[in-house]
file model_28.txt (compact mmCIF, C-alpha atoms (C1' of nucleotides))
# COMPACT_ATOMS: atom_id res chain seq x y z
CA MET Q 1 17.28 -128.13 -51.81
CA SER Q 2 18.01 -127.78 -48.16
CA PHE Q 3 15.34 -129.86 -46.55
CA SER Q 4 15.96 -132.73 -48.96
CA THR Q 5 12.60 -133.16 -50.59
CA GLY Q 6 12.60 -136.72 -49.42
CA VAL Q 7 11.00 -138.36 -46.45
CA PHE Q 8 9.65 -136.34 -43.66
CA PRO Q 9 8.17 -138.36 -40.90
CA ALA Q 10 4.49 -139.11 -40.57
CA GLY Q 11 3.56 -137.15 -37.46
CA CYS Q 12 5.81 -134.12 -37.76
CA PRO Q 13 4.52 -130.53 -37.57
CA SER Q 14 5.17 -129.81 -41.22
CA ARG Q 15 2.71 -132.52 -42.14
CA THR Q 16 0.06 -130.93 -39.97
CA VAL Q 17 0.68 -127.52 -41.43
CA LEU Q 18 0.59 -128.96 -44.91
CA ASP Q 19 -2.74 -130.55 -44.15
CA HIS Q 20 -4.17 -127.27 -42.94
CA ILE Q 21 -3.11 -125.22 -45.89
CA SER Q 22 -3.87 -127.83 -48.50
CA SER Q 23 -7.30 -128.53 -47.08
CA LYS Q 24 -10.10 -128.26 -49.58
CA TRP Q 25 -11.22 -124.85 -48.35
CA GLY Q 26 -8.04 -123.56 -46.77
CA VAL Q 27 -6.50 -122.66 -50.10
CA LEU Q 28 -9.60 -120.89 -51.31
CA ILE Q 29 -9.98 -118.82 -48.16
CA LEU Q 30 -6.33 -117.87 -48.05
CA LEU Q 31 -6.54 -116.89 -51.66
CA ALA Q 32 -9.66 -114.83 -51.25
CA LEU Q 33 -8.08 -113.00 -48.34
CA SER Q 34 -4.96 -112.29 -50.35
CA GLU Q 35 -7.02 -109.60 -52.03
CA GLY Q 36 -7.58 -107.86 -48.75
CA GLU Q 37 -9.67 -107.86 -45.61
CA GLN Q 38 -13.09 -109.35 -46.02
CA ARG Q 39 -16.22 -110.06 -44.10
CA TRP Q 40 -17.75 -113.40 -43.32
CA SER Q 41 -20.47 -113.09 -45.88
CA GLU Q 42 -18.07 -112.01 -48.55
CA LEU Q 43 -15.86 -115.01 -47.88
CA ARG Q 44 -18.87 -117.24 -48.17
CA ARG Q 45 -19.55 -115.99 -51.63
CA ARG Q 46 -15.96 -116.19 -52.72
CA ALA Q 47 -15.39 -119.70 -51.53
CA ASP Q 48 -18.28 -120.79 -53.67
CA GLY Q 49 -20.03 -123.86 -52.34
CA ILE Q 50 -18.67 -123.71 -48.81
CA SER Q 51 -21.07 -124.38 -45.96
CA GLU Q 52 -21.26 -122.19 -42.90
CA LYS Q 53 -19.84 -124.97 -40.82
CA MET Q 54 -16.82 -125.42 -43.02
CA LEU Q 55 -16.23 -121.70 -43.26
CA ALA Q 56 -16.25 -121.36 -39.50
CA GLN Q 57 -14.03 -124.38 -39.05
CA THR Q 58 -11.54 -123.39 -41.68
CA LEU Q 59 -11.30 -119.85 -40.39
CA LYS Q 60 -10.69 -121.11 -36.86
CA THR Q 61 -7.94 -123.41 -37.95
CA LEU Q 62 -6.26 -120.71 -39.97
CA GLU Q 63 -6.60 -118.31 -37.07
CA ARG Q 64 -5.05 -120.79 -34.65
CA ASP Q 65 -2.24 -121.26 -37.12
CA GLY Q 66 -1.60 -117.55 -37.02
CA LEU Q 67 -2.33 -117.14 -40.71
CA VAL Q 68 -5.56 -115.22 -40.46
CA SER Q 69 -6.66 -112.59 -38.00
CA ARG Q 70 -10.18 -111.84 -36.96
CA ARG Q 71 -11.47 -108.42 -36.04
CA ALA Q 72 -14.95 -108.23 -34.59
CA GLN Q 73 -16.90 -105.04 -34.03
CA THR Q 74 -19.69 -105.14 -31.52
CA VAL Q 75 -22.24 -103.23 -33.46
CA ILE Q 76 -25.73 -104.00 -34.59
CA PRO Q 77 -25.78 -105.65 -37.03
CA PRO Q 78 -22.51 -107.42 -36.17
CA ARG Q 79 -19.54 -106.95 -38.38
CA VAL Q 80 -16.47 -109.16 -38.47
CA ASP Q 81 -13.54 -108.74 -40.77
CA TYR Q 82 -10.94 -111.31 -41.59
CA SER Q 83 -7.53 -110.61 -42.98
CA LEU Q 84 -4.19 -112.26 -43.49
CA THR Q 85 -1.46 -111.93 -40.92
CA SER Q 86 1.99 -111.25 -42.29
CA ARG Q 87 2.70 -114.94 -42.14
CA GLY Q 88 -0.51 -115.66 -43.93
CA TYR Q 89 0.40 -113.19 -46.57
CA GLU Q 90 3.75 -114.83 -47.04
CA LEU Q 91 1.98 -118.10 -47.59
CA SER Q 92 -0.60 -116.73 -49.96
CA ALA Q 93 2.20 -115.38 -52.10
CA LEU Q 94 3.28 -118.98 -52.61
CA LEU Q 95 -0.24 -120.18 -53.18
CA VAL Q 96 -1.13 -117.73 -55.89
CA PRO Q 97 1.22 -119.12 -58.57
CA LEU Q 98 0.01 -122.60 -57.76
CA VAL Q 99 -3.63 -121.76 -58.19
CA THR Q 100 -2.90 -119.72 -61.27
CA TRP Q 101 -1.20 -122.73 -62.76
CA ALA Q 102 -4.10 -125.00 -61.80
CA PHE Q 103 -6.49 -122.55 -63.31
CA GLN Q 104 -4.59 -122.34 -66.56
CA ASN Q 105 -4.02 -126.06 -66.93
CA ALA Q 106 -7.34 -127.31 -65.63
CA ASP Q 107 -9.11 -127.74 -68.95
CA ASP Q 108 -6.18 -129.51 -70.54
CA ILE Q 109 -5.87 -131.84 -67.63
CA ILE Q 110 -9.50 -132.75 -67.34
CA ASN Q 111 -10.16 -133.01 -71.06
CA GLY Q 112 -6.99 -134.91 -71.80
CA GLN Q 113 -8.39 -137.79 -69.75
CA ARG Q 114 -7.70 -140.55 -72.23
CA ASP Q 115 -9.52 -143.72 -71.28
CA PRO Q 116 -7.18 -146.70 -71.67
CA ALA Q 117 -8.77 -147.78 -74.97
CA MET M 1 -3.65 -111.06 -61.32
CA SER M 2 -5.32 -112.25 -64.43
CA PHE M 3 -7.72 -114.84 -63.13
CA SER M 4 -8.91 -112.49 -60.41
CA THR M 5 -8.24 -114.42 -57.25
CA GLY M 6 -11.89 -114.20 -56.43
CA VAL M 7 -14.69 -116.61 -56.95
CA PHE M 8 -14.33 -119.51 -59.20
CA PRO M 9 -17.41 -121.63 -59.43
CA ALA M 10 -17.98 -124.77 -57.40
CA GLY M 11 -17.85 -127.45 -60.06
CA CYS M 12 -15.27 -126.05 -62.44
CA PRO M 13 -12.22 -128.02 -63.62
CA SER M 14 -9.75 -125.93 -61.67
CA ARG M 15 -11.43 -126.98 -58.48
CA THR M 16 -11.01 -130.61 -59.41
CA VAL M 17 -7.39 -130.14 -60.30
CA LEU M 18 -6.80 -128.27 -57.09
CA ASP M 19 -8.33 -131.12 -55.16
CA HIS M 20 -6.08 -133.64 -56.84
CA ILE M 21 -2.86 -131.81 -56.26
CA SER M 22 -3.69 -130.65 -52.79
CA SER M 23 -4.81 -134.07 -51.68
CA LYS M 24 -3.11 -135.31 -48.58
CA TRP M 25 -0.74 -137.56 -50.47
CA GLY M 26 -0.64 -135.89 -53.86
CA VAL M 27 1.76 -133.22 -52.72
CA LEU M 28 4.08 -135.70 -51.08
CA ILE M 29 4.23 -137.96 -54.12
CA LEU M 30 4.76 -135.12 -56.54
CA LEU M 31 7.48 -133.82 -54.32
CA ALA M 32 9.22 -137.15 -53.99
CA LEU M 33 9.15 -137.57 -57.75
CA SER M 34 10.59 -134.13 -58.26
CA GLU M 35 13.90 -135.70 -57.27
CA GLY M 36 13.68 -138.11 -60.15
CA GLU M 37 12.20 -141.38 -61.29
CA GLN M 38 11.35 -143.76 -58.51
CA ARG M 39 9.97 -147.20 -57.91
CA TRP M 40 6.78 -148.09 -56.12
CA SER M 41 8.56 -149.28 -53.00
CA GLU M 42 10.71 -146.20 -52.87
CA LEU M 43 7.69 -143.97 -53.06
CA ARG M 44 6.12 -145.89 -50.25
CA ARG M 45 9.05 -145.12 -48.01
CA ARG M 46 9.22 -141.51 -49.02
CA ALA M 47 5.58 -140.79 -48.50
CA ASP M 48 5.94 -141.98 -44.96
CA GLY M 49 2.75 -143.41 -43.54
CA ILE M 50 0.94 -143.94 -46.83
CA SER M 51 -0.99 -147.16 -47.29
CA GLU M 52 -0.72 -149.28 -50.41
CA LYS M 53 -4.25 -148.42 -51.30
CA MET M 54 -3.66 -144.70 -51.12
CA LEU M 55 -0.40 -144.93 -53.00
CA ALA M 56 -2.08 -146.81 -55.83
CA GLN M 57 -5.02 -144.46 -55.88
CA THR M 58 -2.94 -141.31 -55.76
CA LEU M 59 -0.62 -142.52 -58.49
CA LYS M 60 -3.56 -143.39 -60.71
CA THR M 61 -5.12 -140.01 -60.29
CA LEU M 62 -1.89 -138.24 -60.99
CA GLU M 63 -1.32 -140.44 -64.01
CA ARG M 64 -4.79 -139.72 -65.36
CA ASP M 65 -4.10 -136.05 -64.83
CA GLY M 66 -1.03 -136.38 -66.98
CA LEU M 67 1.28 -135.35 -64.20
CA VAL M 68 3.00 -138.65 -63.60
CA SER M 69 4.02 -141.34 -66.02
CA ARG M 70 4.34 -145.01 -65.30
CA ARG M 71 6.86 -147.30 -66.91
CA ALA M 72 6.50 -151.00 -66.21
CA GLN M 73 9.03 -153.61 -67.14
CA THR M 74 7.84 -157.16 -67.46
CA VAL M 75 10.65 -158.85 -65.68
CA ILE M 76 10.79 -161.13 -62.69
CA PRO M 77 10.65 -159.66 -60.17
CA PRO M 78 8.49 -156.90 -61.60
CA ARG M 79 9.85 -153.42 -61.78
CA VAL M 80 7.83 -150.26 -62.24
CA ASP M 81 9.19 -146.76 -62.31
CA TYR M 82 7.26 -143.58 -61.86
CA SER M 83 8.37 -140.17 -62.96
CA LEU M 84 7.01 -136.72 -63.57
CA THR M 85 5.77 -135.66 -66.96
CA SER M 86 6.86 -132.25 -68.08
CA ARG M 87 3.59 -130.86 -66.83
CA GLY M 88 4.10 -132.61 -63.53
CA TYR M 89 7.54 -131.15 -63.30
CA GLU M 90 6.15 -127.71 -63.91
CA LEU M 91 3.76 -128.21 -61.06
CA SER M 92 6.34 -129.60 -58.68
CA ALA M 93 8.41 -126.50 -59.25
CA LEU M 94 5.54 -124.55 -57.74
CA LEU M 95 5.03 -127.00 -54.94
CA VAL M 96 8.60 -127.03 -53.69
CA PRO M 97 8.64 -123.46 -52.35
CA LEU M 98 5.33 -124.09 -50.66
CA VAL M 99 6.51 -127.17 -48.86
CA THR M 100 9.79 -125.55 -48.00
CA TRP M 101 7.88 -122.73 -46.41
CA ALA M 102 5.63 -125.14 -44.51
CA PHE M 103 8.67 -127.01 -43.34
CA GLN M 104 10.39 -123.89 -42.11
CA ASN M 105 7.37 -122.41 -40.39
CA ALA M 106 5.84 -125.58 -39.00
CA ASP M 107 7.31 -125.43 -35.52
CA ASP M 108 6.44 -121.79 -35.05
CA ILE M 109 2.91 -122.37 -36.19
CA ILE M 110 2.22 -125.43 -34.09
CA ASN M 111 3.97 -124.17 -30.98
CA GLY M 112 2.53 -120.70 -31.18
CA GLN M 113 -0.89 -122.21 -30.56
CA ARG M 114 -1.99 -119.84 -27.83
CA ASP M 115 -5.07 -121.09 -26.03
CA PRO M 116 -7.51 -118.21 -25.57
CA ALA M 117 -6.51 -117.67 -21.91
C1' DC T 1 7.96 -156.81 -56.36
C1' DG T 2 3.95 -154.34 -57.37
C1' DG T 3 -0.01 -154.33 -57.02
C1' DT T 4 -5.92 -155.70 -56.28
C1' DA T 5 -9.91 -156.86 -53.59
C1' DT T 6 -12.48 -156.51 -49.44
C1' DC T 7 -13.98 -154.90 -45.27
C1' DC T 8 -14.58 -151.30 -41.85
C1' DT T 9 -14.64 -146.94 -39.37
C1' DA T 10 -13.30 -142.06 -38.03
C1' DG T 11 -14.42 -137.82 -39.21
C1' DG T 12 -15.04 -134.62 -43.30
C1' DA T 13 -18.74 -132.25 -44.92
C1' DG T 14 -23.72 -130.76 -46.08
C1' DA T 15 -28.59 -129.39 -44.43
C1' DT T 16 -31.34 -127.39 -41.25
C1' DA T 17 -32.61 -124.82 -37.34
C1' DC T 18 -31.65 -121.63 -33.87
C1' DT T 19 -29.25 -117.25 -31.34
C1' DG T 20 -26.88 -112.71 -29.83
C1' DC F 1 -25.02 -110.38 -39.84
C1' DA F 2 -22.27 -113.75 -38.06
C1' DG F 3 -22.21 -117.29 -36.26
C1' DT F 4 -23.34 -122.16 -33.08
C1' DA F 5 -25.75 -126.69 -32.50
C1' DT F 6 -27.29 -130.97 -34.05
C1' DC F 7 -28.14 -134.69 -37.02
C1' DT F 8 -26.91 -137.37 -40.72
C1' DC F 9 -24.58 -139.12 -44.74
C1' DC F 10 -20.71 -140.38 -47.23
C1' DT F 11 -16.21 -141.28 -48.54
C1' DA F 12 -11.27 -140.80 -47.63
C1' DG F 13 -8.41 -143.71 -45.88
C1' DG F 14 -6.39 -147.69 -42.94
C1' DA F 15 -5.85 -152.98 -42.16
C1' DT F 16 -5.64 -157.23 -43.96
C1' DA F 17 -5.46 -160.76 -47.31
C1' DC F 18 -4.46 -162.34 -51.53
C1' DC F 19 -2.54 -162.46 -56.75
C1' DG F 20 0.62 -162.22 -61.25
call {"tool": "encode", "arguments": {"input": "model_28.txt", "output": "structure tokens"}}
result
Amino acid sequence: MSFSTGVFPAGCPSRTVLDHISSKWGVLILLALSEGEQRWSELRRRADGISEKMLAQTLKTLERDGLVSRRAQTVIPPRVDYSLTSRGYELSALLVPLVTWAFQNADDIINGQRDPA
Amino acid sequence: MSFSTGVFPAGCPSRTVLDHISSKWGVLILLALSEGEQRWSELRRRADGISEKMLAQTLKTLERDGLVSRRAQTVIPPRVDYSLTSRGYELSALLVPLVTWAFQNADDIINGQRDPA
DNA sequence: CGGTATCCTAGGAGATACTG
DNA sequence: CAGTATCTCCTAGGATACCG
């Protein structure tokens, strides 16, 4: 492994990036968008349980990070579509196997919770 | 994609699992351990910036999840080694590419932060 | 060395109400 | 529809001190 999986310092950019993409909602949004461009309201449904505030915040962060792009149309009623940038798509490709794994192993993991009898 | 990357409900096990493994420190610990068994103090150095409290807490969660196993030797001075279970190893294999990507793209992402001039 | 126990606070996160 | 503003609550997480 080239970056030597070991220590990387506390304040370095990779830490920040890691925080953004492994944020509670970040993963879910990225994942939802990996299926294609979607509107605000659709994202809200997909990231089940997210509040408007968190959706807005997460989308902004991801946009600033250049992972998501926002396309607004000034029509009535307003319509805004979000999609992955190419970089975002690259990332989502890495995220999908992870979530798939989590999904497949979730029941085992949670049920297998043996209390230290 | 079999699980249909879309909605998965708010309280379901996969969400919990996702939270555990995408916790701020979870990733770092899992990653450090992917290089092999390590002692408490070594993990502390590797997960640069982690507090004792968070290290203990994270390790417990990961242990409960069956991802990490703990081997204590009752000697003086005490020695405790942590390592990945086979399931943990499976997971870390998915995490490594993700972190590698984050590491490689971090500077671009953080620097490219164009203020909406 | 490998932890617990305790205290404390910044900000993550939800609820509600309002706007272009 | 697609947000912003505000208020509040809660807990993740750090600092410190102590223990087997």
call {"tool": "interface_residues", "arguments": {"input": "model_28.txt", "of": "chain F", "to": "chain Q", "cutoff": "12 Å", "atoms": "all atoms listed in the file", "output": "PyMOL selection string"}}
result
chain F and resi 1-6
call {"tool": "atom_distance", "arguments": {"input": "model_28.txt", "atom1": "atom CA of Asp65 of chain M", "atom2": "atom C1' of DG11 of chain T"}}
result
27.7 Å
call {"tool": "closest_atom_pairs", "arguments": {"input": "model_28.txt", "of": "chain T", "to": "chain Q", "cutoff": "12 Å", "atoms": "only C-alpha atoms (C1' of nucleotides)", "output": "JSON lines"}}
result
{"residue": "T:DG12", "atom": "C1'", "partner": "Q:Met54", "partner_atom": "CA", "distance": 9.4}
{"residue": "T:DA13", "atom": "C1'", "partner": "Q:Met54", "partner_atom": "CA", "distance": 7.3}
{"residue": "T:DG14", "atom": "C1'", "partner": "Q:Ser51", "partner_atom": "CA", "distance": 6.9}
{"residue": "T:DA15", "atom": "C1'", "partner": "Q:Ser51", "partner_atom": "CA", "distance": 9.2}
{"residue": "T:DT16", "atom": "C1'", "partner": "Q:Glu52", "partner_atom": "CA", "distance": 11.5}
{"residue": "T:DG20", "atom": "C1'", "partner": "Q:Pro78", "partner_atom": "CA", "distance": 9.3}
call {"tool": "closest_atom_pairs", "arguments": {"input": "model_28.txt", "of": "chain Q", "to": "chain M", "cutoff": "8 Å", "atoms": "all atoms listed in the file", "output": "CSV"}}
result
residue,atom,partner,partner_atom,distance
Q:Phe3,CA,M:Thr100,CA,7.2
Q:Thr5,CA,M:Ala32,CA,6.2
Q:Gly6,CA,M:Ala32,CA,5.7
Q:Val7,CA,M:Arg46,CA,4.4
Q:Phe8,CA,M:Asp48,CA,6.9
Q:Pro9,CA,M:Asp48,CA,5.9
Q:Ala10,CA,M:Asp48,CA,5.4
Q:Pro13,CA,M:Ala106,CA,5.3
Q:Ser14,CA,M:Ala106,CA,4.8
Q:Thr16,CA,M:Ala106,CA,7.9
Q:Val17,CA,M:Ala106,CA,6.0
Q:Leu18,CA,M:Ala102,CA,6.3
Q:Asp19,CA,M:Lys24,CA,6.5
Q:Ser22,CA,M:Ser22,CA,5.1
Q:Ser23,CA,M:Ser22,CA,7.1
Q:Lys24,CA,M:Asp19,CA,6.5
Q:Leu31,CA,M:Thr5,CA,6.3
Q:Ala32,CA,M:Gly6,CA,5.7
Q:Ser34,CA,M:Thr5,CA,7.9
Q:Glu35,CA,M:Thr5,CA,7.2
Q:Arg45,CA,M:Val7,CA,7.2
Q:Arg46,CA,M:Val7,CA,4.4
Q:Ala47,CA,M:Val7,CA,6.3
Q:Asp48,CA,M:Ala10,CA,5.5
Q:Gly49,CA,M:Ala10,CA,5.5
Q:Arg64,CA,M:Gln113,CA,6.0
Q:Asp65,CA,M:Ile109,CA,5.3
Q:Gly66,CA,M:Ile109,CA,6.7
Q:Leu91,CA,M:Leu98,CA,7.5
Q:Leu94,CA,M:Leu98,CA,5.8
Q:Leu95,CA,M:Leu98,CA,7.3
Q:Val96,CA,M:Thr5,CA,8.0
Q:Pro97,CA,M:Leu94,CA,7.0
Q:Leu98,CA,M:Leu94,CA,5.9
Q:Val99,CA,M:Leu18,CA,7.3
Q:Thr100,CA,M:Phe3,CA,7.1
Q:Trp101,CA,M:Leu91,CA,7.6
Q:Ala102,CA,M:Ser14,CA,5.7
Q:Phe103,CA,M:Ser14,CA,5.0
Q:Gln104,CA,M:Ser14,CA,8.0
Q:Asn105,CA,M:Ser14,CA,7.8
Q:Ala106,CA,M:Ser14,CA,4.8
Q:Asp107,CA,M:Pro13,CA,6.2
Q:Ile109,CA,M:Asp65,CA,5.4
Q:Ile110,CA,M:Pro13,CA,6.6
Q:Gly112,CA,M:Asp65,CA,7.6
Q:Gln113,CA,M:Arg64,CA,6.0
Q:Arg114,CA,M:Arg64,CA,7.5
call {"tool": "write_last_selection", "arguments": {"input": "model_28.txt", "atoms": "C-alpha atoms", "output": "tab-separated table (two decimals), in the coordinates of the input"}}
result
chain	number	residue	atom	x	y	z
Q	3	PHE	CA	15.34	-129.86	-46.55
Q	5	THR	CA	12.60	-133.16	-50.59
Q	6	GLY	CA	12.60	-136.72	-49.42
Q	7	VAL	CA	11.00	-138.36	-46.45
Q	8	PHE	CA	9.65	-136.34	-43.66
Q	9	PRO	CA	8.17	-138.36	-40.90
Q	10	ALA	CA	4.49	-139.11	-40.57
Q	13	PRO	CA	4.52	-130.53	-37.57
Q	14	SER	CA	5.17	-129.81	-41.22
Q	16	THR	CA	0.06	-130.93	-39.97
Q	17	VAL	CA	0.68	-127.52	-41.43
Q	18	LEU	CA	0.59	-128.96	-44.91
Q	19	ASP	CA	-2.74	-130.55	-44.15
Q	22	SER	CA	-3.87	-127.83	-48.50
Q	23	SER	CA	-7.30	-128.53	-47.08
Q	24	LYS	CA	-10.10	-128.26	-49.58
Q	31	LEU	CA	-6.54	-116.89	-51.66
Q	32	ALA	CA	-9.66	-114.83	-51.25
Q	34	SER	CA	-4.96	-112.29	-50.35
Q	35	GLU	CA	-7.02	-109.60	-52.03
Q	45	ARG	CA	-19.55	-115.99	-51.63
Q	46	ARG	CA	-15.96	-116.19	-52.72
Q	47	ALA	CA	-15.39	-119.70	-51.53
Q	48	ASP	CA	-18.28	-120.79	-53.67
Q	49	GLY	CA	-20.03	-123.86	-52.34
Q	64	ARG	CA	-5.05	-120.79	-34.65
Q	65	ASP	CA	-2.24	-121.26	-37.12
Q	66	GLY	CA	-1.60	-117.55	-37.02
Q	91	LEU	CA	1.98	-118.10	-47.59
Q	94	LEU	CA	3.28	-118.98	-52.61
Q	95	LEU	CA	-0.24	-120.18	-53.18
Q	96	VAL	CA	-1.13	-117.73	-55.89
Q	97	PRO	CA	1.22	-119.12	-58.57
Q	98	LEU	CA	0.01	-122.60	-57.76
Q	99	VAL	CA	-3.63	-121.76	-58.19
Q	100	THR	CA	-2.90	-119.72	-61.27
Q	101	TRP	CA	-1.20	-122.73	-62.76
Q	102	ALA	CA	-4.10	-125.00	-61.80
Q	103	PHE	CA	-6.49	-122.55	-63.31
Q	104	GLN	CA	-4.59	-122.34	-66.56
Q	105	ASN	CA	-4.02	-126.06	-66.93
Q	106	ALA	CA	-7.34	-127.31	-65.63
Q	107	ASP	CA	-9.11	-127.74	-68.95
Q	109	ILE	CA	-5.87	-131.84	-67.63
Q	110	ILE	CA	-9.50	-132.75	-67.34
Q	112	GLY	CA	-6.99	-134.91	-71.80
Q	113	GLN	CA	-8.39	-137.79	-69.75
Q	114	ARG	CA	-7.70	-140.55	-72.23
call {"tool": "atom_distance", "arguments": {"input": "model_28.txt", "atom1": "atom CA of Leu59 of chain Q", "atom2": "atom CA of Gln73 of chain Q"}}
result
17.1 Å
call {"tool": "atom_distance", "arguments": {"input": "model_28.txt", "atom1": "atom C1' of DC19 of chain F", "atom2": "atom CA of Leu62 of chain M"}}
result
24.6 Å
